[in-house]
Amino acid sequence: MWISSRLFVIFLLLHLETTCSEPFEAHLRGPGFVMEPPGRVEFSNSSGGWLDCSASGSPQPTIDWVHADGSAVTEIHGVRRVLRNGTLVLMPFAAAAYHQDVHNTIYRCIASNSVGRIVSRDVQVRAVVAQAYKVDVEVLSASRGCTAILRCVVPTFVKELVRVVSWVHEPAIYIYPSLQGDGKFHLLPTGELLIHNLQESDESQSFRCRSMHRLTRQVVVSSPTRLRINSHRGIISPSVVEHTAHVQVSQDEGAVLLCVAQGCPSPEYSWYTHNGAGPLPVLSGPRVRLLGPILAIEAVTGEDSGVYKCTASNVGGEASAELRLTVATPIQVEISPNVLSVHMGGTAEFRCLVTSNGSPVGMQNILWYKDGRQLPSSGRVEDTLVVPRVSRENRGMYQCVVRRPEGDTFQATAELQLGDAPPVLLYSFIEQTLQPGPAVSLKCSAAGNPTPQISWTLDGFPLPSNGRFMIGQYITVHGDVISHVNISHVMVEDGGEYACIAENRAGRVQHAARLNIYGLPYIRLIPKVTAVSGETLNLKCPVAGYPIEEIHWERGGRELPDDIRQRVQPDGSLTISPVQKNSDSGVYTCWARNKQGHSARRSGEVTVIVPPSIEPFAFQEGLAEGMRTRTVCGVSRGDPPLKLIWLKDGEPLPDLLGANVTMLDQYSSLLSIPSLSATHSGEYTCVAKNPAAEIKYTALLQVKVPPRWIVEPVDANVERNRHIMLHCQAQGVPTPSIVWKKATGSKSGEYEEVRERPFTKLLGNGSLLLQHVKEDREGFYLCQANNGIGTGIGKVIQLKVNSSPYFSSTSRSVMVKKGDTALLQCSVSGDKPINIVWMRSGKNTLNPSTNYKISVKQEATPDGVSAELQIRTVDATDSGPYFCRASNLYGNDQQLVQLQVQEPPQPPSVLEAAMISSRSVNLKWQPKTLGTGDVSKYLVEFREADPALFVEQWQQVEVKDPPTFNALIENLKPATRYAFRVIAEGSAGRSAPSQELIVRTEPQRPAGPPLNLSARPLSSTELLISWVAPLPELRHGDIQGYNVGYKLANSGNTAYNFTSVSGDGDGGNGELLLSGLAKFQRYNVVVQAFNQVGPGPLSEPATSQTMEDVPSRSPEDVRCAALSSQSLQVSWQPPPIYHTNGLLQGYKLVFEPIIDDIQPSKDEVESRKTTALTMVLTGLRKYTNYSIQVLAHTRMGDGVLSKPLFCHSEEDVPEAPADIKVVVSSSQSLYISWLPPTEPNGVITKYSLYTRVVNGREELNNEKRSLPSQQAYYEAKGLHPHMEYQFWVTASTRVGEGKSSRVASQITTNRIPARIISFGGLVVRPWRSTVTLPCTAVGKPKRDWFKSDVVLRQGGHHNTQILDNGDLIISSLELGDGGNYSCQVDNGIGTDRLTHILLVQVPPAAPTLYVTSATSSSILMHWKCGFTGNAPITGYTLFYRRGNANTDEMQLSRHASSHELKGLVCGSTYQIYLSAQNKVGPSPSSIMLHVRTQGQSPGQPSSTALLAPNSTSLLVRLHSWPDNGCPILYFVLQYKAVTDDPDAEWVMVSNALKPQRRLVVPNLLPSTLYHLRMEAHNVAGESSAEFSFVTLTKDGDPPPPEIVQRGHRGTTVFYGNINLLIPSIAALSGMICTIVMVIICYRNKQSAHSQKESLENRANSEAAQRERYYATIHKVSMQNNDKIPETSEDISPYATFQLSEGAANMSQPHHGGPANTLLHSFMYHERALAEGCSSPPPAASKNRRRHSRKTEPESEESESDQDQLTSSRTESSNQHEGKIKHSIIYHGAQSSTSSDLSPMSEQKSLPRRGRSRYHHQQYQFSTNTTPRHHNSNKMNNNTSNNINTTNMNMNTNTTATPSTSNSNKILSPRGGGNLKSISSTFKSQDSIQCHIPTLVKSPSISTQQQKQFHKQQVQGSTNSSSNSNGNMPCNPNSNSSSLKQQQPLLITPKLHQLEAGSGPQELMGLDGIGGSPLVACMPPSSQFRPIPHKSSIMPAHEPPHHQNHSNHLPPHHPSSGSTLLNPSTAMLSSKFFTAPTLPK
């Protein structure tokens, strides 16, 4: 019996497989970031942003993005995208589309592959919504001779994103930031502008600030600002107004520390560093520059970090500020080791190395991550991570993340690999003994790294390959491999020793056990075995059967063993070791026997092969380029066949290598290289292999190559303080080393090696980097390359440093006494030649030839030039800045030398109290002049100032050296007046005392709380708090304000939120509006009073609750499910409780079907209410998609709609097919066609055609046939002749079969009449498409096509084509192609006709847009949609912009008919237009409306309400200044005393005073007359006013009468000014004439009006109850059936409109200037009827117009005095010259709108409350452009002439005042509430003044009565035409008798002309009906529709484009005879009419 060793073969296969897998696993590499995203990304919403992230690894890592919580970042359409390359793109978005979780969040990038994954640093993304902002200029200081500081004030919401780029010195001088100014102007890096040495000439100059948004790059320029220079030249002690408290820069960058001080004279700056034990002065050096207020440090290092102190000082004192500089040194993070391989079960240790500039950095916050997840034990300071007992779960990527306190992070990555671990068997099978037949399973499990592979053998050979053996294998999640062998039906021959072998590249393990099967001995086939000579051969006898008694081996008939090398093992296997080829080859036989004597035997052949062996070889040493070499690879032993090959560096020899390989014989190979080069270096391997083994031997060949240049160094030049890179690279074998040296002297002198140090970097590629090069770096440099081959190479280069001039210090100060000689010196370094120029104040060059006082010297120094400037006999005028400016070829620099001339001391000035307490006063003062000499000390004297206790003796306090300018005087009495004065004492003695200062000590804090505290709600977020001041005896001083505290009543918080309210000081009542509160919440409120000392006690709390509001969130979790084909069930959850804002009353469902009808039904949108959380919608359309939204509502109204939820109703059986036709197609066939159901109720699956054969009344046969759903016809053939066939059709859906169509019957016949089998009906197509109209017929007829009974011919129309089969094709459809198309067929036997109704869909017409109201911050508008283009409107787009700003657009719902624009700017004009869209496209834009928001420039208060003077102060009540609707931004306040000096200057209190309740102006003189000039500014403009006041006496008594009278005389001498006298006389004369004319007309009308008074009173009482409404007239023709706006919500009195082209050429005769916008508005009183597709506007609210704030006290006198209202001295900034504005002022009686002040009018039209006293006022319409003394005849002639002109110019020379001329009609007040008025405002000459009569309706007028009266009007008008050109008397009652019997009238704004030549007609009141032109009447329902008239009376001058509009009128309008209501076409003069309402 034989045992073979096929194990060798298996082992060889496994070895090869493991070897092949090694390269695959070796190239696996974990991910590493190539480009890591930055830590912070900001972008604008207009530009969008992106985050780049890329990584490398093997395999290539995938890039993913996650949020901070680890959730994946998904794509959001149109908002966020993740590109394939890993870039995260955040797209541009509108401001309304801002999402917090998208645009202001943290992202992380994750790179992952099969090895592991790593996570990037946190990326903080912040999107900034671009907002318009405005910058202002603030002047911090401006004193003559000193330095002014101009600051650019940027709003806080964009301050961090905006920087100042430059200032503009008007008109066009740009000043840019610099470290040092030009002596006059200095723009600091932080944006402040310093203007040195202010003179009077600077006051006329203006400056603007230019800022740039760093994200949007938008540049915003401030308005120009002029300097206001204080005249006094007193000394002002320095105060630091701007400094950079903390500056953080990176290492090697430049740092700029800024410290700006305000003072006079300009302060000097000193800088100190506090980094050591004490403060050390900062000195100028190579890197440090002292530039006055700027400390600049170049190339900062870590040593520069620390605290710096800047000190600004002048003769008045000093001020200081501390600044901190933080230098962020870059740190490097590295994990050691970066790749670690550990065996399973071992310990892994990583260390995080943190270094900075090569030095370790300790105590860092280190976080450890594993595969992107933070390890739980991280957060520690330790830098070592230990992973014990390494398992498969521990392998992967590890990250060390270092987070610095500054917030930036650094990281490094490392990979933990599992080391090779030999296999370990975890489970194995046992020996078994079985009977034949059962199933057997053997299992092995192994672990190791790499994962082992398991193979199976049976007695050392592979398992039998039959169907009973099944081998399975799998790998667990832990990397363990499990393998099993299943034998389904075990047999005797399956017995034997089974072995499982687990093997990987680290080792091999085996387990074997026998499977014994009872049976006779059996030996399986022994295959041929190949053994390797010298190895061990183990032959196992594959015997089966059990039990086996013995196993023997034989060879050549002899039993083995017969040699010492042979051995038979106890298990019967034969072992031969070592194998010899000659002795062991042959046939071996094994036999086995059991106890019963049964045996079996089998033989097998063994072949022995000798493996090859290579003789060692080597290359000789010292081979150089160009030499030759050879070597031989010989095989000393080994059986053929042998194969010898050569490898270089593991690869086959390349052809370009030039190496020759020659086989000497079959056992040796020669490798020769004829000429060596550097490319031949490497490892050469000889490989010998035969079937037994493959043997390799490797030898190293190294070719020595001397160095040679790759990059040869060259000479270089560099500017001073710049960086330069000196390149030097060489190559050779071995790699040469690069060394840099620098010559210590000349080029041929000694050289010393350059070593790495700060600012000197030696790069790895050999380059030398020199940073911040100074002169000491100049010289010769040597680069040497050497590798030991030869002598090496070297190159000397020269580096030249080009130095621009520079000073060791940037500024210095020189102080000399008056009359001495000043020496100003400067020393400059740099390359020569250097030119030096001395300059005064940075711009005036000093020249000795023109100035005798100066002389200049200059001499050369080794480093540069030294210069000196001498100024002889200096005086105070020589003080100031001098500049020594040096320049050469490479640049220029300058040094500031400040010259100060000393003068004797002067008395101190500006003595004031810096701090006043109850027992002490802190005084401060200033030196009087700039030329003050040394002051050794100051003496402060004081005494009580009470006259009753006058004390002559002054008490003194000394302020000694060093002199300061303040003193604290203590131990004073509280509430006592003291007099103080200061004396300066110096070397020359004492100065005179300063002016006395009277001070009253402070009181104590209040002792009582405010009284009568109450709180009442005004809205859901507002509470009005009111209270009364504390008791007078408990106030303890003037109450300055109150602290109002509030908190939620039900919150556990005991602290109040306090808000301060300023008081008026007189103890009055107070109130505060608390806004922004939580809705429907109860609050506790307390109040405390405070004065100058502090706050008093709290009041008892008051409780109040805010009002209810609508819910602010929609219901949540809205769900929908279809219940049936006509019902849906909708459910939802309530909104969050904190968003309900009240008690929920229920819910409302809004739903509509999503259908595509031609015109959507008006009732498709439905809503239903419920109180439950679910609702079943029934009665719906079958199989229809519905849009469902839910809202919650409270008592206050509806909340927010939820997002649309789309839900589909289920299918149902269809309706019956729409129609069916049966025609005879032949004698035995019928053709049936039908139409699909109009309501398919689902997807049609098939049609069922039913056929019934009828013979008379008897049914002979019936049949049902199913047809596919796409087939709508069928031809029944093979029918019986002359039989009646009946057909009907049903349609089926998935649900079932629907209703049947009607039954169509037909008798077969031989006669085939012409019949059309196609169907007609409605065909809808979009324009520009092609439509085919079928006309399929039988009977071979003749076809004719008609369009509206007009025959269509082939080729008759360019876009129609008739095909041979009868179809009509119409291409390029237009709207005009729509209509009825008929096809008629005739063949002589019969005729038929078919009609198609073609409807062409086009874009909709422009909607009609009108404005209904406007507030100071919003505009409410409505629109009507007009012609929809035969397709439903899908939405609207609203466009708007303010002024010349960018246009914004907004998408609106298709159901919307109104919208309110909010958040607008007060008092601004907006341009608004609208477009509609349908499925075809957008409509043209509507007419652009120009709408102005409410609000005007500030008004003017009365002097008594504004001012309250005291002895030495003035109280200004700023809150009494009326703001006119726009909040006041700031005040400008200045005053001056009235003296005999005409050149007395104004004292500026503030030019940017913020609004407050009160302001105290101090330091006034008692009993003095003052002028006060004030300006108030708001968004809409500004107003200014002047007041006079007299201060009280020193004792608080009234001033002397002569001073008061002097003040009155000064204010009433206007008659002395001829410029005021003449206009005053003219205005007075015009006013007198006007009053006389009004009285005359009023008396003439009195008699006529008395007869109708009772009727009018009754009509007035009815009309007074009607609402007043506003509407708008557009100045272009209204198209189709568009109506003008009709309700009060439809139009705002602030709406303006663009003039059409047709009217733009109209001019006013005497006005010049550019063309501007024509504004129209009018008012009428009636309710609107809803028309078109828009819903009617909401009803007007009575309090809608009450938006103006009560900012001024109103009295009865001010309300009744119209002259006082219309005469104002306010100077408004929006009254531009060259623009003449016309105003027509409407004073309505009891009008709810009378409180509105139109911003288009320059006059005040009405007081704020309408009163009944206006019932007797006349309605006066006037313009402001013509003097009132123009006579009426001239006006009448002008009017007549203008009416006859072709352009219909309306004369604006007229002023509508009462007179006897018919051009001055007065609108009677008797019309009361029934009258309609029109007001028009004109802004240019190219406009027309149009007064359009409007409607006066009475609901009782019938149509018949109107027609009757209309007929009488026409008859009467012909008699009155002769009077139309003459002057009519003022009394209009001449023909009024006939009027009294008539029914009430309907007056329309339509003017007819009579026959040609009759002259212009005038529209008169009905009182003068006898002489009035035609007044047409129309039914009440036709409101403002165009009135038709005959073309014979069409005006000859009507523009043609108005005639074109008549072609598109609706059907009820006559076509060409109609004139649309338009100011440019209506023949209207500037006349006015009366229209009384007659009795019913």
# chains A, B, ... in the order shown; residues from 1 in each chain; ligands from 1
$ residues_around --residues "Ile63 in chain A" --least-positions-apart "2" --cutoff "8 Å" --atoms "only C-alpha atoms" --output "list in words"
Cys53, Ser54, Ala55, Pro61, Trp65, Asn85, Gly86, Cys109, Ile110, Ala111 and Ser112 of chain A
$ write_last_selection --atoms "C-alpha atoms" --output "mmCIF file, in the first residue's frame"
data_model
loop_
_atom_site.group_PDB
_atom_site.id
_atom_site.type_symbol
_atom_site.label_atom_id
_atom_site.label_comp_id
_atom_site.auth_asym_id
_atom_site.auth_seq_id
_atom_site.Cartn_x
_atom_site.Cartn_y
_atom_site.Cartn_z
ATOM 1 C CA CYS A 53 -11.272 68.550 0.570
ATOM 2 C CA SER A 54 -9.032 65.944 -1.034
ATOM 3 C CA ALA A 55 -7.053 63.008 0.278
ATOM 4 C CA PRO A 61 -10.166 57.373 -0.408
ATOM 5 C CA TRP A 65 -19.132 65.442 4.584
ATOM 6 C CA ASN A 85 -14.160 65.512 -6.319
ATOM 7 C CA GLY A 86 -15.262 65.987 -2.718
ATOM 8 C CA CYS A 109 -14.708 66.281 5.888
ATOM 9 C CA ILE A 110 -14.167 62.523 6.196
ATOM 10 C CA ALA A 111 -11.721 60.576 3.995
ATOM 11 C CA SER A 112 -12.075 56.797 4.159
#
$ select_by_dssp --residues "range 534-579 of chain A" --states "strand (DSSP E)" --output "list in words"
Leu537, Asn538, Leu539, Val543, Ala544, Gly545, Tyr546, Glu550, Ile551, His552, Trp553, Glu554, Arg555, Arg558, Glu559, Leu560, Gln566, Arg567, Val568, Leu574, Thr575 and Ile576 of chain A
$ residues_around --residues "Thr735 in chain A" --least-positions-apart "2" --cutoff "8 Å" --atoms "only C-alpha atoms" --output "ChimeraX atom specification"
/A:707,731-733,737,787
$ write_last_selection --atoms "N, CA and C atoms" --output "mmCIF file, in the first residue's frame"
data_model
loop_
_atom_site.group_PDB
_atom_site.id
_atom_site.type_symbol
_atom_site.label_atom_id
_atom_site.label_comp_id
_atom_site.auth_asym_id
_atom_site.auth_seq_id
_atom_site.Cartn_x
_atom_site.Cartn_y
_atom_site.Cartn_z
ATOM 1 N N PRO A 707 29.857 65.045 -8.712
ATOM 2 C CA PRO A 707 28.746 66.018 -8.713
ATOM 3 C C PRO A 707 28.729 66.821 -10.005
ATOM 4 N N GLN A 731 23.682 66.920 -8.624
ATOM 5 C CA GLN A 731 23.391 65.491 -8.598
ATOM 6 C C GLN A 731 24.690 64.721 -8.762
ATOM 7 N N GLY A 732 24.701 63.436 -8.358
ATOM 8 C CA GLY A 732 25.865 62.560 -8.441
ATOM 9 C C GLY A 732 25.587 61.292 -7.661
ATOM 10 N N VAL A 733 26.527 60.314 -7.757
ATOM 11 C CA VAL A 733 26.425 59.050 -7.022
ATOM 12 C C VAL A 733 27.724 58.864 -6.224
ATOM 13 N N SER A 737 26.407 66.355 -1.081
ATOM 14 C CA SER A 737 25.899 67.242 -0.027
ATOM 15 C C SER A 737 26.184 68.689 -0.434
ATOM 16 N N ASN A 787 30.520 64.729 -3.129
ATOM 17 C CA ASN A 787 30.062 63.386 -2.736
ATOM 18 C C ASN A 787 31.227 62.403 -2.593
#
$ residues_around --residues "range 249-260 of chain A" --least-positions-apart "5" --cutoff "8 Å" --atoms "only C-alpha atoms" --output "PyMOL selection string"
chain A and resi 190+240-244+293-302+310+321+323+325-330
$ closest_residue --among "A:Trp1345, A:Tyr1436, A:Trp591, A:Tyr498" --to "Ile523 in chain A" --atoms "only C-alpha atoms"
A:Trp591
$ closest_residue --among "A:Thr964, A:Ser211, A:Asn230, A:Asn1241" --to "Asn314 in chain A" --atoms "only C-alpha atoms"
A:Thr964
$ residues_around --residues "range 1351-1368 of chain A" --least-positions-apart "2" --cutoff "10 Å" --atoms "only C-alpha atoms" --output "JSON, numbers by chain"
{"A": [1330, 1331, 1332, 1333, 1334, 1335, 1336, 1337, 1341, 1342, 1343, 1344, 1345, 1346, 1347, 1348, 1349, 1370, 1371, 1372, 1373, 1374, 1377, 1381, 1382, 1383, 1385]}
$ closest_residue --among "A:Gly317, A:Gly1146, A:Pro1562, A:Pro1601" --to "Lys924 in chain A" --atoms "only C-alpha atoms"
A:Gly317
$ atom_distance --atom1 "CA of Ser1227 in chain A" --atom2 "CA of Phe1287 in chain A"
17.3 Å
